[in-house]
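Engineer: mmCIF, C-alpha atoms and all ligand atoms, saved as upload_3.cif, coming up:
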data_start
loop_
_atom_site.label_atom_id
_atom_site.label_comp_id
_atom_site.auth_asym_id
_atom_site.auth_seq_id
_atom_site.Cartn_x
_atom_site.Cartn_y
_atom_site.Cartn_z
CA MET A 184 -26.21 1.89 -7.80
CA THR A 185 -27.51 5.40 -7.50
CA GLN A 186 -24.40 7.53 -7.82
CA THR A 187 -22.16 8.27 -10.75
CA ILE A 188 -18.46 8.42 -10.17
CA HIS A 189 -16.82 11.71 -11.09
CA ILE A 190 -13.44 11.23 -12.72
CA GLU A 191 -10.47 13.59 -12.62
CA ARG A 192 -7.46 12.17 -14.43
CA THR A 193 -3.89 12.91 -13.48
CA THR A 194 -1.88 15.18 -15.76
CA THR A 195 1.41 13.91 -14.34
CA PRO A 196 1.50 10.09 -14.49
CA LYS A 197 4.30 8.55 -12.43
CA PRO A 198 7.03 6.27 -13.79
CA LYS A 199 6.26 2.60 -13.16
CA PRO A 200 8.65 0.46 -11.12
CA ALA A 201 10.46 -2.50 -12.71
CA ALA A 202 8.82 -5.90 -12.12
CA ASN A 203 11.72 -7.13 -9.98
CA GLU A 204 11.49 -4.13 -7.64
CA LEU A 205 7.81 -4.39 -6.79
CA GLY A 206 7.85 -6.11 -3.41
CA PHE A 207 4.55 -5.78 -1.55
CA GLY A 208 2.64 -2.53 -1.18
CA LYS A 209 5.52 -0.10 -1.79
CA TYR A 210 4.31 1.63 -4.96
CA PHE A 211 0.95 3.22 -5.65
CA THR A 212 -0.77 3.95 -8.94
CA ASP A 213 -1.83 7.28 -10.45
CA HIS A 214 -5.40 7.41 -9.14
CA MET A 215 -7.53 6.66 -6.09
CA PHE A 216 -11.23 6.45 -5.28
CA ILE A 217 -12.93 8.50 -2.54
CA LEU A 218 -16.49 8.48 -1.19
CA ASP A 219 -17.53 10.71 1.72
CA TYR A 220 -20.07 10.09 4.46
CA GLU A 221 -21.85 12.56 6.64
CA GLU A 222 -24.58 11.79 9.14
CA GLY A 223 -27.92 12.83 7.63
CA LYS A 224 -26.53 12.97 4.11
CA GLY A 225 -25.24 9.44 3.74
CA TRP A 226 -22.44 8.35 1.39
CA HIS A 227 -21.89 10.92 -1.35
CA ASN A 228 -19.42 12.56 -3.74
CA ALA A 229 -18.04 9.39 -5.37
CA ARG A 230 -14.89 10.34 -7.25
CA ILE A 231 -11.70 9.05 -8.80
CA VAL A 232 -8.92 11.60 -8.46
CA PRO A 233 -5.12 11.69 -8.89
CA TYR A 234 -3.35 9.71 -6.13
CA GLN A 235 -2.39 12.24 -3.46
CA PRO A 236 -2.14 12.77 0.31
CA ILE A 237 -5.37 13.57 2.12
CA SER A 238 -5.75 16.24 4.74
CA LEU A 239 -7.43 15.33 8.04
CA ASP A 240 -8.09 17.20 11.25
CA PRO A 241 -5.74 15.99 14.04
CA ALA A 242 -8.86 15.20 16.08
CA ALA A 243 -10.21 12.81 13.38
CA LYS A 244 -11.57 9.84 15.30
CA VAL A 245 -9.58 7.28 13.37
CA PHE A 246 -6.36 8.59 14.93
CA HIS A 247 -7.61 8.20 18.48
CA TYR A 248 -10.02 5.31 18.66
CA GLY A 249 -9.16 3.30 15.59
CA GLN A 250 -12.57 3.28 13.98
CA THR A 251 -11.41 1.93 10.63
CA ILE A 252 -11.59 -1.20 8.49
CA PHE A 253 -9.94 -2.44 5.31
CA GLU A 254 -10.07 -5.06 2.59
CA GLY A 255 -7.52 -6.63 0.28
CA LEU A 256 -7.91 -8.27 -3.12
CA LYS A 257 -6.02 -8.49 -6.40
CA ALA A 258 -6.51 -7.66 -10.06
CA TYR A 259 -4.69 -9.85 -12.58
CA ARG A 260 -3.71 -9.52 -16.19
CA THR A 261 -4.92 -12.85 -17.58
CA GLU A 262 -3.14 -14.72 -20.33
CA ASN A 263 -5.58 -13.53 -23.00
CA GLY A 264 -4.80 -9.91 -22.07
CA LYS A 265 -8.00 -9.33 -20.09
CA ILE A 266 -8.12 -7.99 -16.54
CA SER A 267 -9.76 -10.05 -13.86
CA LEU A 268 -10.61 -9.83 -10.18
CA PHE A 269 -10.98 -12.81 -7.86
CA ARG A 270 -14.36 -13.02 -6.05
CA PRO A 271 -14.59 -9.23 -5.41
CA ASP A 272 -18.22 -9.53 -4.23
CA MET A 273 -16.92 -11.50 -1.23
CA ASN A 274 -14.63 -8.61 -0.30
CA MET A 275 -17.45 -6.09 -0.46
CA LYS A 276 -19.65 -8.29 1.72
CA ARG A 277 -16.87 -8.72 4.25
CA LEU A 278 -16.16 -4.98 4.16
CA ASN A 279 -19.71 -4.38 5.30
CA ARG A 280 -19.48 -7.05 8.01
CA SER A 281 -16.35 -5.28 9.26
CA ASN A 282 -18.15 -1.92 9.02
CA ASP A 283 -21.03 -3.28 11.05
CA ARG A 284 -18.77 -4.56 13.83
CA MET A 285 -16.98 -1.20 14.03
CA SER A 286 -20.23 0.85 14.00
CA ILE A 287 -19.46 2.26 10.56
CA PRO A 288 -22.44 2.75 8.20
CA PRO A 289 -22.60 0.20 5.35
CA VAL A 290 -21.27 1.09 1.91
CA ASP A 291 -23.42 0.32 -1.17
CA GLU A 292 -21.76 -2.89 -2.37
CA ALA A 293 -22.69 -2.30 -6.01
CA LEU A 294 -21.13 1.17 -5.86
CA GLY A 295 -18.01 -0.26 -4.20
CA LEU A 296 -17.66 -2.88 -6.94
CA GLU A 297 -18.22 -0.31 -9.68
CA ALA A 298 -15.62 2.00 -8.11
CA LEU A 299 -13.18 -0.88 -8.00
CA ARG A 300 -13.84 -1.73 -11.63
CA GLN A 301 -13.45 1.83 -12.89
CA LEU A 302 -10.33 2.51 -10.82
CA VAL A 303 -8.62 -0.68 -12.01
CA LEU A 304 -9.51 0.19 -15.62
CA ILE A 305 -8.14 3.72 -15.33
CA ASP A 306 -4.88 2.43 -13.86
CA GLN A 307 -4.74 -0.77 -15.91
CA ASP A 308 -1.29 0.03 -17.28
CA TRP A 309 -0.06 -0.49 -13.71
CA ILE A 310 -1.08 -4.16 -13.68
CA PRO A 311 2.22 -5.99 -13.96
CA ASP A 312 2.23 -9.04 -16.21
CA ALA A 313 5.32 -10.94 -15.05
CA PRO A 314 4.44 -14.34 -13.50
CA GLU A 315 3.25 -14.15 -9.87
CA THR A 316 2.67 -10.40 -10.01
CA SER A 317 -0.65 -8.58 -9.72
CA LEU A 318 -2.28 -5.29 -8.77
CA TYR A 319 -3.19 -5.30 -5.09
CA VAL A 320 -6.43 -3.45 -4.33
CA ARG A 321 -6.85 -1.89 -0.90
CA PRO A 322 -10.32 -0.54 -0.05
CA PHE A 323 -10.62 1.01 3.41
CA VAL A 324 -12.84 3.20 5.57
CA ILE A 325 -11.68 5.77 8.13
CA ALA A 326 -13.62 7.80 10.70
CA THR A 327 -12.90 11.45 9.97
CA GLU A 328 -15.12 13.41 12.36
CA PRO A 329 -12.96 15.83 14.39
CA ALA A 330 -14.25 15.05 17.89
CA LEU A 331 -12.72 13.32 20.91
CA GLY A 332 -15.87 11.82 22.43
CA VAL A 333 -15.85 8.03 22.32
CA SER A 334 -18.86 7.45 20.08
CA PRO A 335 -19.31 6.43 16.44
CA SER A 336 -18.00 9.07 14.07
CA GLN A 337 -20.54 11.11 12.11
CA GLN A 338 -18.16 11.43 9.15
CA TYR A 339 -16.17 8.85 7.16
CA LYS A 340 -14.19 8.35 4.01
CA PHE A 341 -14.29 5.14 1.96
CA MET A 342 -11.24 4.99 -0.27
CA ILE A 343 -9.59 2.55 -2.68
CA ILE A 344 -5.89 2.61 -3.52
CA LEU A 345 -3.95 0.27 -5.81
CA SER A 346 -0.44 -1.11 -5.57
CA PRO A 347 1.41 -3.27 -8.11
CA VAL A 348 2.91 -6.21 -6.22
CA GLY A 349 5.46 -8.94 -6.82
CA THR A 350 5.55 -12.21 -4.93
CA TYR A 351 4.61 -11.85 -1.28
CA TYR A 352 7.50 -13.84 0.12
CA ALA A 353 10.89 -12.72 -1.05
CA GLU A 354 11.98 -16.37 -1.08
CA GLY A 355 9.06 -17.29 -3.38
CA ILE A 356 6.84 -20.26 -2.62
CA LYS A 357 9.12 -21.96 -0.17
CA PRO A 358 8.19 -23.38 3.24
CA VAL A 359 8.50 -20.97 6.14
CA SER A 360 9.24 -21.69 9.77
CA ILE A 361 6.67 -20.59 12.29
CA TYR A 362 6.83 -19.73 15.97
CA VAL A 363 3.86 -20.89 18.03
CA GLU A 364 2.98 -17.85 20.14
CA SER A 365 2.29 -18.61 23.80
CA GLU A 366 2.61 -15.16 25.40
CA TYR A 367 0.50 -12.81 23.27
CA ALA A 368 -3.02 -13.39 21.97
CA ARG A 369 -4.46 -11.97 18.75
CA SER A 370 -8.13 -12.01 19.60
CA VAL A 371 -10.90 -13.39 21.78
CA VAL A 372 -14.37 -14.51 20.79
CA GLY A 373 -16.68 -11.50 21.13
CA GLY A 374 -13.87 -9.15 20.14
CA VAL A 375 -12.86 -8.07 16.64
CA GLY A 376 -10.61 -10.90 15.44
CA HIS A 377 -13.14 -11.88 12.75
CA VAL A 378 -13.06 -8.48 11.02
CA LYS A 379 -10.34 -6.57 9.20
CA THR A 380 -9.81 -3.65 11.52
CA ALA A 381 -6.47 -1.90 12.03
CA GLY A 382 -6.00 -2.61 15.74
CA ASN A 383 -5.73 -6.36 15.17
CA TYR A 384 -2.57 -5.82 13.15
CA ALA A 385 -0.99 -3.22 15.44
CA ALA A 386 -1.63 -5.59 18.36
CA GLY A 387 0.10 -8.42 16.54
CA LEU A 388 3.34 -6.58 15.75
CA LYS A 389 4.98 -7.30 19.11
CA ALA A 390 4.67 -11.05 18.69
CA GLN A 391 5.73 -10.80 15.06
CA GLU A 392 8.85 -8.82 16.04
CA GLY A 393 9.75 -11.37 18.69
CA ALA A 394 9.35 -14.25 16.24
CA SER A 395 11.39 -12.42 13.56
CA ALA A 396 14.21 -11.78 16.02
CA LEU A 397 14.39 -15.55 16.60
CA GLY A 398 14.46 -16.20 12.85
CA TYR A 399 10.83 -17.21 12.27
CA SER A 400 8.76 -15.63 9.52
CA GLN A 401 5.37 -15.66 11.25
CA VAL A 402 3.62 -16.63 14.45
CA LEU A 403 0.95 -19.26 14.86
CA TRP A 404 -1.78 -17.75 17.02
CA LEU A 405 -3.61 -19.77 19.64
CA ASP A 406 -7.06 -18.80 20.88
CA GLY A 407 -7.09 -16.06 23.53
CA VAL A 408 -9.22 -17.90 26.10
CA HIS A 409 -7.93 -21.49 26.39
CA ARG A 410 -4.56 -20.63 24.80
CA LYS A 411 -4.81 -23.99 23.17
CA TYR A 412 -6.75 -24.01 19.91
CA VAL A 413 -4.95 -23.02 16.72
CA GLU A 414 -6.45 -19.96 14.99
CA GLU A 415 -4.30 -18.35 12.31
CA VAL A 416 -0.74 -18.06 11.09
CA GLY A 417 0.31 -14.41 10.90
CA SER A 418 -2.44 -12.78 8.84
CA MET A 419 -3.36 -15.99 7.11
CA ASN A 420 -5.81 -18.80 7.72
CA VAL A 421 -4.24 -22.17 8.27
CA PHE A 422 -4.74 -25.72 6.98
CA PHE A 423 -3.30 -29.05 8.15
CA ARG A 424 -3.19 -32.28 6.23
CA ILE A 425 -3.38 -35.04 8.80
CA GLY A 426 -3.49 -38.49 7.23
CA ASP A 427 -5.89 -38.18 4.30
CA LYS A 428 -7.99 -35.42 5.81
CA VAL A 429 -7.53 -31.68 5.74
CA ILE A 430 -8.39 -29.76 8.88
CA THR A 431 -8.84 -26.01 9.22
CA PRO A 432 -9.91 -24.09 12.34
CA ALA A 433 -13.67 -23.46 12.50
CA LEU A 434 -14.89 -19.85 12.25
CA THR A 435 -15.47 -19.43 15.96
CA GLY A 436 -15.39 -15.62 15.87
CA GLY A 437 -11.72 -15.37 16.84
CA LEU A 438 -10.36 -15.70 13.34
CA LEU A 439 -10.79 -13.93 10.04
CA PRO A 440 -13.03 -15.67 7.48
CA GLY A 441 -10.59 -15.58 4.57
CA ILE A 442 -11.81 -15.66 0.99
CA THR A 443 -8.77 -17.76 0.08
CA ARG A 444 -9.73 -20.10 2.97
CA ASP A 445 -13.23 -20.45 1.55
CA SER A 446 -11.83 -21.04 -1.95
CA VAL A 447 -9.40 -23.71 -0.72
CA ILE A 448 -12.19 -25.55 1.13
CA HIS A 449 -14.36 -25.51 -2.03
CA LEU A 450 -11.47 -26.72 -4.17
CA LEU A 451 -10.47 -29.56 -1.84
CA LYS A 452 -14.07 -30.79 -1.57
CA HIS A 453 -14.37 -30.57 -5.36
CA TRP A 454 -11.35 -32.87 -5.58
CA GLY A 455 -12.98 -35.31 -3.16
CA VAL A 456 -10.67 -34.49 -0.25
CA GLU A 457 -12.32 -34.71 3.16
CA VAL A 458 -12.20 -31.29 4.87
CA GLU A 459 -13.03 -30.71 8.52
CA GLU A 460 -13.71 -27.23 9.94
CA ARG A 461 -13.35 -27.68 13.66
CA LEU A 462 -11.35 -26.79 16.75
CA ILE A 463 -7.83 -28.18 16.57
CA SER A 464 -5.54 -27.90 19.57
CA ILE A 465 -1.79 -27.46 19.52
CA ASP A 466 -1.57 -30.74 21.47
CA GLU A 467 -3.42 -32.58 18.72
CA LEU A 468 -1.01 -31.09 16.18
CA VAL A 469 2.07 -32.03 18.18
CA GLN A 470 0.68 -35.56 18.58
CA ALA A 471 0.04 -35.83 14.83
CA GLN A 472 3.56 -34.58 14.13
CA LYS A 473 5.05 -37.17 16.53
CA ASP A 474 3.10 -40.10 15.08
CA GLY A 475 3.93 -39.02 11.52
CA SER A 476 0.36 -38.31 10.39
CA LEU A 477 0.88 -34.52 10.05
CA LYS A 478 1.85 -34.44 6.38
CA GLU A 479 1.38 -30.81 5.36
CA MET A 480 0.59 -27.40 6.74
CA PHE A 481 -0.04 -24.16 4.86
CA GLY A 482 -1.35 -20.63 5.37
CA THR A 483 -3.85 -19.01 3.00
CA GLY A 484 -4.50 -15.35 2.19
CA THR A 485 -4.86 -12.99 -0.76
CA ALA A 486 -1.34 -11.63 -0.51
CA ALA A 487 0.54 -14.94 -0.37
CA VAL A 488 -2.23 -17.21 -1.78
CA ILE A 489 -0.62 -20.30 -0.23
CA SER A 490 2.32 -20.27 2.12
CA PRO A 491 3.61 -23.74 2.99
CA VAL A 492 4.94 -24.24 6.52
CA GLY A 493 8.08 -26.34 6.88
CA SER A 494 8.45 -26.34 10.65
CA LEU A 495 6.86 -25.20 13.88
CA HIS A 496 8.63 -24.03 17.01
CA TRP A 497 6.74 -25.00 20.15
CA LYS A 498 8.04 -25.16 23.74
CA GLY A 499 11.68 -25.17 22.73
CA GLU A 500 11.23 -27.88 20.15
CA LYS A 501 11.41 -27.69 16.37
CA LEU A 502 8.72 -29.81 14.76
CA MET A 503 9.25 -30.62 11.10
CA ILE A 504 6.14 -30.79 8.95
CA GLY A 505 6.41 -33.77 6.61
CA ASP A 506 9.96 -33.65 5.23
CA GLY A 507 10.04 -29.86 5.54
CA SER A 508 9.47 -29.19 1.85
CA THR A 509 6.34 -27.95 0.06
CA GLY A 510 3.68 -30.66 0.30
CA GLU A 511 2.05 -32.21 -2.73
CA LEU A 512 -1.45 -30.98 -1.88
CA SER A 513 -0.16 -27.47 -0.96
CA ALA A 514 1.52 -27.21 -4.37
CA ARG A 515 -1.60 -28.44 -6.17
CA VAL A 516 -3.82 -25.94 -4.36
CA TYR A 517 -1.36 -23.11 -5.10
CA ASP A 518 -1.12 -23.98 -8.80
CA THR A 519 -4.87 -24.30 -9.16
CA ILE A 520 -5.86 -21.10 -7.38
CA THR A 521 -3.19 -18.97 -9.04
CA GLY A 522 -4.10 -20.69 -12.34
CA ILE A 523 -7.75 -19.71 -11.93
CA GLN A 524 -6.76 -16.19 -10.90
CA ASN A 525 -4.53 -15.48 -13.85
CA GLY A 526 -6.67 -17.28 -16.39
CA ARG A 527 -4.22 -20.13 -17.03
CA ILE A 528 -6.84 -22.76 -16.26
CA GLU A 529 -10.58 -23.21 -16.37
CA ASP A 530 -12.65 -21.61 -13.60
CA PRO A 531 -15.25 -24.21 -12.52
CA PHE A 532 -16.69 -22.01 -9.77
CA SER A 533 -16.97 -18.72 -11.72
CA TRP A 534 -14.65 -16.98 -9.27
CA ARG A 535 -12.95 -14.88 -11.91
CA VAL A 536 -14.66 -11.58 -12.67
CA VAL A 537 -13.51 -10.02 -15.92
CA VAL A 538 -13.17 -6.24 -15.75
CA GLU A 539 -14.10 -4.39 -18.91
C1 LIG B 1 -7.12 -10.79 5.33
C2 LIG B 1 -6.78 -11.82 6.36
C3 LIG B 1 -6.78 -13.20 6.10
C4 LIG B 1 -6.95 -13.76 4.73
O1 LIG B 1 -8.12 -13.40 4.10
P1 LIG B 1 -8.21 -13.49 2.51
O2 LIG B 1 -9.60 -13.05 2.22
O3 LIG B 1 -7.98 -14.91 2.15
O4 LIG B 1 -7.18 -12.59 1.98
C5 LIG B 1 -6.56 -14.06 7.15
N1 LIG B 1 -6.34 -13.61 8.38
C6 LIG B 1 -6.31 -12.31 8.68
C7 LIG B 1 -6.06 -11.88 10.07
C8 LIG B 1 -6.53 -11.37 7.68
O5 LIG B 1 -6.49 -10.07 7.96
#
Would it be possible to restate this file's structure as structure tokens?
Structural biologist:
Amino acid sequence: MTQTIHIERTTTPKPKPAANELGFGKYFTDHMFILDYEEGKGWHNARIVPYQPISLDPAAKVFHYGQTIFEGLKAYRTENGKISLFRPDMNMKRLNRSNDRMSIPPVDEALGLEALRQLVLIDQDWIPDAPETSLYVRPFVIATEPALGVSPSQQYKFMIILSPVGTYYAEGIKPVSIYVESEYARSVVGGVGHVKTAGNYAAGLKAQEGASALGYSQVLWLDGVHRKYVEEVGSMNVFFRIGDKVITPALTGGLLPGITRDSVIHLLKHWGVEVEERLISIDELVQAQKDGSLKEMFGTGTAAVISPVGSLHWKGEKLMIGDGSTGELSARVYDTITGIQNGRIEDPFSWRVVVE
């Protein structure tokens, strides 16, 4: 790391919300991190400043062509009072893979991690300590050059903001019902479905709205070419327990390589569970549901950790997963990963990174 981070502390700290009012991503802490980029000069002026609006030219490229990427991870107050992050190096690596796909210059990963560490420390009083709560960390990059030509921006900002969060699903860890989307597609191989760029989420809202109106909490996305292979559920990776095996869609390029996904695969293999990463079609799933071998299904992601799926809606039919309640393996994975994250249990893979 070659740069020092300049720090300007707030003189007017904000009141902190009550633990039961947190929700997801509604409140922001007292400080934020900013790093500027200019062609020829590189990334410079690393600073932590009071949380505040930023001023951008209306022609800034991010507004017009969506040249932007983001990350998401969490900081936890562990049971011994320390602060920890969960595999933050993986987020910085993925941030740069997203940057590369969107023609954004790479950020120094060591600087990004140091910025994260210092920002979390400065705002550590914002880390809630009630069970299931954490401090959500949102790094992102935006193209700021004021120019309307369609070409990579010559100016960027890399920023990190923090938000204390409660449980992701208002209902808590309870199975959700999912609508299998057959009209809209989220991504195609060769596109940008494998990186965290804003347009993927804007493009998914229409399907999400339709599913919500019908009473489903998320959509299950099928691949954009064959409209047949299962890819993700909402903004989560997805796992199926069929018989004694666990199957998760292979990283074909159409889906996001989740860090929770990777952690779940490691954990299951560590337990001796057979895990297959491969293509899995909706027909195979329906068949497994009909013959009773589809025992469990769950989504994985930083925000929710594990979200069990109780039923799927496909072609006018409601397909129950197992008996519709949280599966035994889903619960064990949830308890173990959250246990590692908040320091309740041993961390055999050294995933926890203590911030001090
Ligand atoms: C972020 C994200 C995930 C989950 O990734 P994690 O690293 O586990 O949080 C899955 N799918 C999509 C589309 C995502 O944006």
Engineer: List as a PyMOL selection string the protein and nucleic acid residues lying within 8 Å of ligand LIG 1 (chain B), with all atoms listed in the file counted.
Structural biologist: chain A and resi 254-256+274+376-379+383-384+415-420+438-445+483-486+488
Engineer: From the options A:Glu529, A:Glu457, A:Asp283, A:Glu467, which residue's atoms come nearest to A:Thr251, counting only C-alpha atoms?
Structural biologist: A:Asp283
Engineer: Which of these residues is nearest to A:Thr261, using only C-alpha atoms: A:Val492, A:Ala313, A:Leu468, A:Leu405?
Structural biologist: A:Ala313
Engineer: Compile the contact shell of stretch 242-245 of chain A as a VMD selection string: residues with an atom at most 9 Å away, counting all atoms listed in the file, same-chain residues fewer than 6 positions apart removed.
Structural biologist: chain A and resid 251 325 to 333 335 to 336
Engineer: Kindly save the residues from that selection, with C-alpha atoms included, as a PDB file, in the frame of the given file.
Structural biologist:
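See result20.pdb below for the written result:
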ATOM      1  CA  THR A 251     -11.410   1.930  10.630  1.00  0.00           C
ATOM      2  CA  ILE A 325     -11.680   5.770   8.130  1.00  0.00           C
ATOM      3  CA  ALA A 326     -13.620   7.800  10.700  1.00  0.00           C
ATOM      4  CA  THR A 327     -12.900  11.450   9.970  1.00  0.00           C
ATOM      5  CA  GLU A 328     -15.120  13.410  12.360  1.00  0.00           C
ATOM      6  CA  PRO A 329     -12.960  15.830  14.390  1.00  0.00           C
ATOM      7  CA  ALA A 330     -14.250  15.050  17.890  1.00  0.00           C
ATOM      8  CA  LEU A 331     -12.720  13.320  20.910  1.00  0.00           C
ATOM      9  CA  GLY A 332     -15.870  11.820  22.430  1.00  0.00           C
ATOM     10  CA  VAL A 333     -15.850   8.030  22.320  1.00  0.00           C
ATOM     11  CA  PRO A 335     -19.310   6.430  16.440  1.00  0.00           C
ATOM     12  CA  SER A 336     -18.000   9.070  14.070  1.00  0.00           C
TER      13      SER A 336
END
Engineer: For each of A:Gln301, A:Thr212, A:Ser317, A:Ser476, take the minimum atom-to-atom distance to A:Gln524, counting all atoms listed in the file, then give the residue where this is smallest.
Structural biologist: A:Ser317
Engineer: What gap, in Å, lies between atom CA of A:Ile504 and atom CA of A:Phe422?
Structural biologist: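 About the pair atom CA of A:Ile504 and atom CA of A:Phe422: they are 12.2 Å apart.
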Engineer: Pick out the residues sitting within 8 Å of A:Ser360, and hand them over as a VMD selection string; count all atoms listed in the file, and ignore anything fewer than 5 positions along from it in its own chain.
Structural biologist: chain A and resid 399 to 401 492 to 496
Engineer: Name the closest residue to A:Glu364 among the candidates A:Ser346, A:Gln337, A:Ser395, A:Gln472; distances are taken between atoms, counting all atoms listed in the file.
Structural biologist: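 Smallest separation from A:Glu364 among the options: A:Ser395.
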Engineer: Using all atoms listed in the file, which of the listed residues (A:Asn203, A:Ser508, A:Asn228, A:Thr431) sits closest to A:His189?
Structural biologist: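 Nearest candidate to A:His189 out of A:Asn203, A:Ser508, A:Asn228, A:Thr431: A:Asn228.
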Engineer: Pick from A:Leu450, A:Ile343, A:Ile463, A:Leu502: nearest to A:Asp530, with all atoms listed in the file counted?
Structural biologist: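 The closest residue to A:Asp530 is A:Leu450.
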Engineer: Contacts of A:Trp497 at 6 Å or less, counting all atoms listed in the file, minus same-chain residues fewer than 2 places along, as a list of chain:residue names?
Structural biologist: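 Within the cut-off, the hits are A:Val363, A:Gly499, A:Glu500.
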Engineer: Figure out the distance between atom CA of A:Val324 and atom CA of A:Lys224, please, to one decimal in Å.
Structural biologist: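 These atoms are spaced 16.9 Å apart.
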Engineer: Work out how far atom CA of A:Ser490 is from atom CA of A:Ile430, in Å to one decimal.
Structural biologist: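 Separation between atom CA of A:Ile430 and atom CA of A:Ser490: 15.8 Å.
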Engineer: Per residue of stretch 272-365 of chain A within 12 Å of stretch 510-518 of chain A, record the nearest atom pair and its distance in Å to one decimal, counting only C-alpha atoms, with rows in chain order and ascending residue number, as CSV.
Structural biologist:
residue,atom,partner,partner_atom,distance
A:Glu315,CA,A:Asp518,CA,10.8
A:Ile356,CA,A:Ala514,CA,8.9
A:Lys357,CA,A:Ala514,CA,10.1
A:Pro358,CA,A:Gly510,CA,9.1
Engineer: Selected residues, C-alpha atoms, written as a short mmCIF file (atom, residue, chain, number, x, y, z; two decimals), in the coordinates of the input, please.
Structural biologist:
data_model
loop_
_atom_site.label_atom_id
_atom_site.label_comp_id
_atom_site.auth_asym_id
_atom_site.auth_seq_id
_atom_site.Cartn_x
_atom_site.Cartn_y
_atom_site.Cartn_z
CA GLU A 315 3.25 -14.15 -9.87
CA ILE A 356 6.84 -20.26 -2.62
CA LYS A 357 9.12 -21.96 -0.17
CA PRO A 358 8.19 -23.38 3.24
#
Engineer: Counting all atoms listed in the file, what is within 12 Å of A:Arg461, bar same-chain residues fewer than 6 positions away, as a list of chain:residue names?
Structural biologist: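 Using all atoms listed in the file, the neighbours found are A:Tyr412, A:Val413, A:Glu414, A:Val421, A:Phe422, A:Phe423, A:Val429, A:Ile430, A:Thr431, A:Pro432, A:Ala433, A:Leu434, A:Thr435.
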Engineer: Listed atoms of stretch 216-219 of chain A, axis-aligned box, 6 Å per side: centre and edge lengths to one decimal in Å, as lines of an AutoDock Vina configuration file?
Structural biologist:
center_x = -14.4
center_y = 8.6
center_z = -1.8
size_x = 18.3
size_y = 16.3
size_z = 19.0
Engineer: Would you mind listing what lies within 7 Å of stretch 536-539 of chain A as a list in words, with all atoms listed in the file counted and same-chain residues fewer than 2 positions away left out?
Structural biologist: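 Within the cut-off, the hits are Lys265, Ile266, Ser267, Leu268, Phe269, Arg270, Arg300 and Trp534 of chain A.
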Engineer: Taking the point (3.0, -6.6, -3.9) as given in the file, collect each protein or nucleic acid residue that comes within 7 Å of it, counting only C-alpha atoms, and present the set as a ChimeraX atom specification.
Structural biologist: /A:205-208,319,346-351
